[in-house]
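Read the structure below first, then the notes.
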Amino acid sequence: MHIIVNGESRPVEQGDTLTDLIAALGLNDTRIAVEYNGAIVSRSQYDATPLHEGDRLEIVKAIGGGEDDCWSVAGRRFQSRLLVGTGKYRDMEQTRLAIAASGAEIVTVAIRRSNIGQTPGEPNLLDVIPPDQYTLLPNTAGCYTAEDAIRTCRLARELLDGHRLVKLEVLGDPKTLYPDVQGTLEAARTLVAEGFEVMVYTTDDPVMAKRLEAVGCVAVMPLAAPIGSGLGIRNPYNILTILENARVPILVDAGVGTASDAAIAMELGCDGVLMNTAIAEAQQPVLMAGAMKKAIEAGREAFLAGRMPRRRYASASSPETGLFF
């Protein structure tokens, strides 16, 4: 049978436990933290945790959001769990500074709206986000039909010398910018069949998330709230359900407004967060980019650490024995 370890498929034997897997990986003598199907497993429970077909595990070398806590998509490993866009900035220099402050490694590019390859002498986006320093993620922003989205991805592949990793979005209407899930599913099937590695923007519907995963999307990106709204995560329980059933990375996309929103997404267990407006429309975009970087790291650390249980009544921190009155 096969399981997913740090984003990659790995064969294991029927009846193997988490202890067997850790031994096979050569991690017996290494300080690690293990996330098993979205939940943290304590070291004492490794022997009592059997592995099953399709289980999804994240194994990191230390509890924290540091350099060893990587994630994977389409066979590529990344340290930063913050993905950023390039729209709405004042100018190219502000774009460059904000992206650098964010620490992002994956940067989205709206092909039809960018100035890549325009008139000689004009500022070029690729000077700001050179492909040798960043992983470009062409997206289909502004597409309202599956046909337009597919065409945009094909153009992006030609423009970027065979680039296959794309972010797919097919919008339903210009007011809400909600995804057209039927058009999205149709476009995803075609693009996957053509060899694209599709990271897909969708609603926070757990059923649709599974369908998009089933057609071969390499990551599913449910919205937190409408694009550019800054409303934060409106339905954390749907996001949790998506996470519990996923075998591919899940990244919150759209609706984040401030650092606490990003931290909440990471505390839920998301693999990452993609944002643009929350940084670009801040009063100080570069400062906000740095805040988002810290929020992503803090939220990830809190998720790995495992929060205290919620209680209806108070629970004293100090001992209640030995009082002198």
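So you can find residues: chains in the structure tokens are A, B, ... in the order shown, residues in each start at 1, and ligands are numbered from 1 in order.
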
Residues of region 149-197 of chain A that have any atom at most 12 Å from an atom of region 69-76 of chain A: could you tabulate them with the shortest-distance atom pair and the distance in Å to one decimal, using only C-alpha atoms, ordered by chain and increasing number, as JSON lines?
{"residue": "A:Arg164", "atom": "CA", "partner": "A:Ala74", "partner_atom": "CA", "distance": 9.7}
{"residue": "A:Leu165", "atom": "CA", "partner": "A:Ala74", "partner_atom": "CA", "distance": 7.8}
{"residue": "A:Val166", "atom": "CA", "partner": "A:Ala74", "partner_atom": "CA", "distance": 10.6}
{"residue": "A:Gly195", "atom": "CA", "partner": "A:Ala74", "partner_atom": "CA", "distance": 11.5}
{"residue": "A:Phe196", "atom": "CA", "partner": "A:Ala74", "partner_atom": "CA", "distance": 10.0}
{"residue": "A:Glu197", "atom": "CA", "partner": "A:Ala74", "partner_atom": "CA", "distance": 6.6}

Next, the residues of the selection above should be written as an mmCIF file, in the first residue's frame with all heavy atoms.
data_model
loop_
_atom_site.group_PDB
_atom_site.id
_atom_site.type_symbol
_atom_site.label_atom_id
_atom_site.label_comp_id
_atom_site.auth_asym_id
_atom_site.auth_seq_id
_atom_site.Cartn_x
_atom_site.Cartn_y
_atom_site.Cartn_z
ATOM 1 N N ARG A 164 5.062 24.207 -16.344
ATOM 2 C CA ARG A 164 3.838 23.403 -16.210
ATOM 3 C C ARG A 164 3.028 23.700 -14.963
ATOM 4 O O ARG A 164 1.848 23.364 -14.885
ATOM 5 C CB ARG A 164 4.192 21.913 -16.226
ATOM 6 C CG ARG A 164 4.777 21.422 -17.549
ATOM 7 C CD ARG A 164 4.835 19.912 -17.567
ATOM 8 N NE ARG A 164 5.663 19.380 -16.491
ATOM 9 C CZ ARG A 164 5.478 18.210 -15.886
ATOM 10 N NH1 ARG A 164 4.444 17.458 -16.222
ATOM 11 N NH2 ARG A 164 6.293 17.806 -14.929
ATOM 12 N N LEU A 165 3.650 24.298 -13.946
ATOM 13 C CA LEU A 165 2.947 24.567 -12.693
ATOM 14 C C LEU A 165 2.106 25.837 -12.857
ATOM 15 O O LEU A 165 2.631 26.913 -13.139
ATOM 16 C CB LEU A 165 3.952 24.750 -11.559
ATOM 17 C CG LEU A 165 3.363 24.938 -10.154
ATOM 18 C CD1 LEU A 165 2.628 23.665 -9.710
ATOM 19 C CD2 LEU A 165 4.451 25.317 -9.160
ATOM 20 N N VAL A 166 0.792 25.706 -12.691
ATOM 21 C CA VAL A 166 -0.120 26.837 -12.886
ATOM 22 C C VAL A 166 -1.141 26.891 -11.762
ATOM 23 O O VAL A 166 -1.433 25.885 -11.114
ATOM 24 C CB VAL A 166 -0.860 26.750 -14.238
ATOM 25 C CG1 VAL A 166 0.115 26.852 -15.399
ATOM 26 C CG2 VAL A 166 -1.685 25.466 -14.330
ATOM 27 N N GLY A 195 -0.800 17.606 -19.194
ATOM 28 C CA GLY A 195 0.472 17.582 -18.487
ATOM 29 C C GLY A 195 0.742 18.751 -17.573
ATOM 30 O O GLY A 195 1.847 18.877 -17.025
ATOM 31 N N PHE A 196 -0.240 19.622 -17.361
ATOM 32 C CA PHE A 196 -0.053 20.740 -16.434
ATOM 33 C C PHE A 196 -0.120 20.241 -14.991
ATOM 34 O O PHE A 196 -0.817 19.273 -14.673
ATOM 35 C CB PHE A 196 -1.123 21.808 -16.660
ATOM 36 C CG PHE A 196 -0.908 22.663 -17.864
ATOM 37 C CD1 PHE A 196 -1.509 22.336 -19.076
ATOM 38 C CD2 PHE A 196 -0.099 23.786 -17.803
ATOM 39 C CE1 PHE A 196 -1.322 23.125 -20.201
ATOM 40 C CE2 PHE A 196 0.097 24.577 -18.929
ATOM 41 C CZ PHE A 196 -0.510 24.252 -20.130
ATOM 42 N N GLU A 197 0.596 20.922 -14.116
ATOM 43 C CA GLU A 197 0.533 20.673 -12.681
ATOM 44 C C GLU A 197 -0.344 21.773 -12.103
ATOM 45 O O GLU A 197 0.061 22.932 -12.002
ATOM 46 C CB GLU A 197 1.941 20.694 -12.086
ATOM 47 C CG GLU A 197 2.806 19.569 -12.638
ATOM 48 C CD GLU A 197 4.283 19.786 -12.390
ATOM 49 O OE1 GLU A 197 4.705 20.967 -12.263
ATOM 50 O OE2 GLU A 197 5.025 18.796 -12.330
#

Q: Just the residues within 8 Å of region 47-59 of chain A, please, counting only C-alpha atoms, with nothing from its chain fewer than 2 positions along; format it as a list in words.
A: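 Final neighbour list, sorted by chain and number: Met1, His2, Ile3, Ile4, Val5, Asn6, Gly7, Gln14, Gly15, Asp16, Thr17, Leu18, Thr19, Ile32, Ala33, Val34, Glu35, Tyr36, Asn37, Gly38, Ser44, Gln45, Lys61, Ala246 and Arg247 of chain A.
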
Q | strand (DSSP E) per DSSP on the backbone: members of region 29-181 of chain A, as an MDAnalysis selection string | A | chainID A and resid 33:36 39:41 56:60 71:73 76:78 82:84 106:110 135:139 165:168

File dump, residues just selected, N, CA and C atoms, as a short mmCIF file (atom, residue, chain, number, x, y, z; two decimals), in the first residue's frame:
data_model
loop_
_atom_site.label_atom_id
_atom_site.label_comp_id
_atom_site.auth_asym_id
_atom_site.auth_seq_id
_atom_site.Cartn_x
_atom_site.Cartn_y
_atom_site.Cartn_z
N ALA A 33 8.86 15.89 14.75
CA ALA A 33 7.44 16.04 15.06
C ALA A 33 6.67 15.39 13.92
N VAL A 34 5.58 14.69 14.24
CA VAL A 34 4.82 13.96 13.24
C VAL A 34 3.37 14.42 13.24
N GLU A 35 2.91 14.78 12.06
CA GLU A 35 1.50 15.12 11.84
C GLU A 35 0.89 13.98 11.03
N TYR A 36 -0.16 13.35 11.59
CA TYR A 36 -0.77 12.17 10.97
C TYR A 36 -2.21 12.49 10.62
N ALA A 39 -3.45 15.54 12.41
CA ALA A 39 -3.34 15.61 13.87
C ALA A 39 -1.92 15.26 14.31
N ILE A 40 -1.44 15.93 15.36
CA ILE A 40 -0.12 15.67 15.88
C ILE A 40 -0.15 14.38 16.70
N VAL A 41 0.84 13.52 16.49
CA VAL A 41 0.96 12.26 17.22
C VAL A 41 2.13 12.37 18.19
N ARG A 56 -1.84 10.49 5.21
CA ARG A 56 -1.05 11.67 4.86
C ARG A 56 -0.27 12.12 6.08
N LEU A 57 1.07 12.10 5.97
CA LEU A 57 1.91 12.47 7.09
C LEU A 57 2.86 13.60 6.73
N GLU A 58 3.10 14.46 7.71
CA GLU A 58 4.16 15.45 7.61
C GLU A 58 5.15 15.15 8.74
N ILE A 59 6.41 14.99 8.41
CA ILE A 59 7.44 14.72 9.40
C ILE A 59 8.48 15.82 9.31
N VAL A 60 8.69 16.53 10.42
CA VAL A 60 9.69 17.60 10.45
C VAL A 60 10.73 17.29 11.52
N TRP A 71 7.49 21.95 2.83
CA TRP A 71 6.30 21.32 2.27
C TRP A 71 6.57 21.10 0.79
N SER A 72 5.77 20.24 0.18
CA SER A 72 6.03 19.86 -1.21
C SER A 72 4.77 20.01 -2.05
N VAL A 73 4.98 20.39 -3.31
CA VAL A 73 3.91 20.39 -4.29
C VAL A 73 4.52 20.07 -5.64
N ARG A 76 8.23 19.50 -5.88
CA ARG A 76 9.14 20.57 -5.49
C ARG A 76 8.98 20.85 -3.99
N ARG A 77 10.09 21.10 -3.33
CA ARG A 77 10.06 21.37 -1.89
C ARG A 77 10.29 22.86 -1.64
N PHE A 78 9.53 23.40 -0.68
CA PHE A 78 9.62 24.82 -0.36
C PHE A 78 9.69 25.00 1.15
N LEU A 82 4.22 30.88 2.62
CA LEU A 82 3.51 32.07 2.17
C LEU A 82 3.73 32.26 0.68
N LEU A 83 2.65 32.29 -0.09
CA LEU A 83 2.69 32.54 -1.52
C LEU A 83 2.08 33.91 -1.76
N VAL A 84 2.67 34.69 -2.64
CA VAL A 84 2.19 36.06 -2.83
C VAL A 84 1.96 36.37 -4.30
N ILE A 106 7.22 31.18 -3.89
CA ILE A 106 6.30 31.03 -5.01
C ILE A 106 5.55 32.35 -5.19
N VAL A 107 5.58 32.87 -6.42
CA VAL A 107 4.97 34.16 -6.71
C VAL A 107 4.03 34.00 -7.90
N THR A 108 2.78 34.41 -7.72
CA THR A 108 1.81 34.28 -8.80
C THR A 108 1.92 35.44 -9.78
N VAL A 109 1.65 35.13 -11.03
CA VAL A 109 1.70 36.12 -12.10
C VAL A 109 0.43 35.99 -12.94
N ALA A 110 -0.34 37.07 -13.04
CA ALA A 110 -1.52 37.08 -13.91
C ALA A 110 -1.05 37.41 -15.32
N THR A 135 9.91 30.67 -7.83
CA THR A 135 9.08 29.79 -8.65
C THR A 135 7.85 30.59 -9.09
N LEU A 136 7.75 30.82 -10.38
CA LEU A 136 6.61 31.57 -10.90
C LEU A 136 5.39 30.66 -10.99
N LEU A 137 4.26 31.22 -10.61
CA LEU A 137 3.00 30.49 -10.65
C LEU A 137 2.02 31.27 -11.52
N PRO A 138 2.04 31.05 -12.84
CA PRO A 138 1.09 31.74 -13.72
C PRO A 138 -0.33 31.39 -13.30
N ASN A 139 -1.21 32.40 -13.26
CA ASN A 139 -2.59 32.11 -12.91
C ASN A 139 -3.54 32.59 -14.00
N LEU A 165 3.65 24.30 -13.95
CA LEU A 165 2.95 24.57 -12.69
C LEU A 165 2.11 25.84 -12.86
N VAL A 166 0.79 25.71 -12.69
CA VAL A 166 -0.12 26.84 -12.89
C VAL A 166 -1.14 26.89 -11.76
N LYS A 167 -1.68 28.09 -11.56
CA LYS A 167 -2.81 28.25 -10.65
C LYS A 167 -4.06 28.48 -11.49
N LEU A 168 -5.02 27.60 -11.34
CA LEU A 168 -6.25 27.66 -12.12
C LEU A 168 -7.35 28.33 -11.32
#
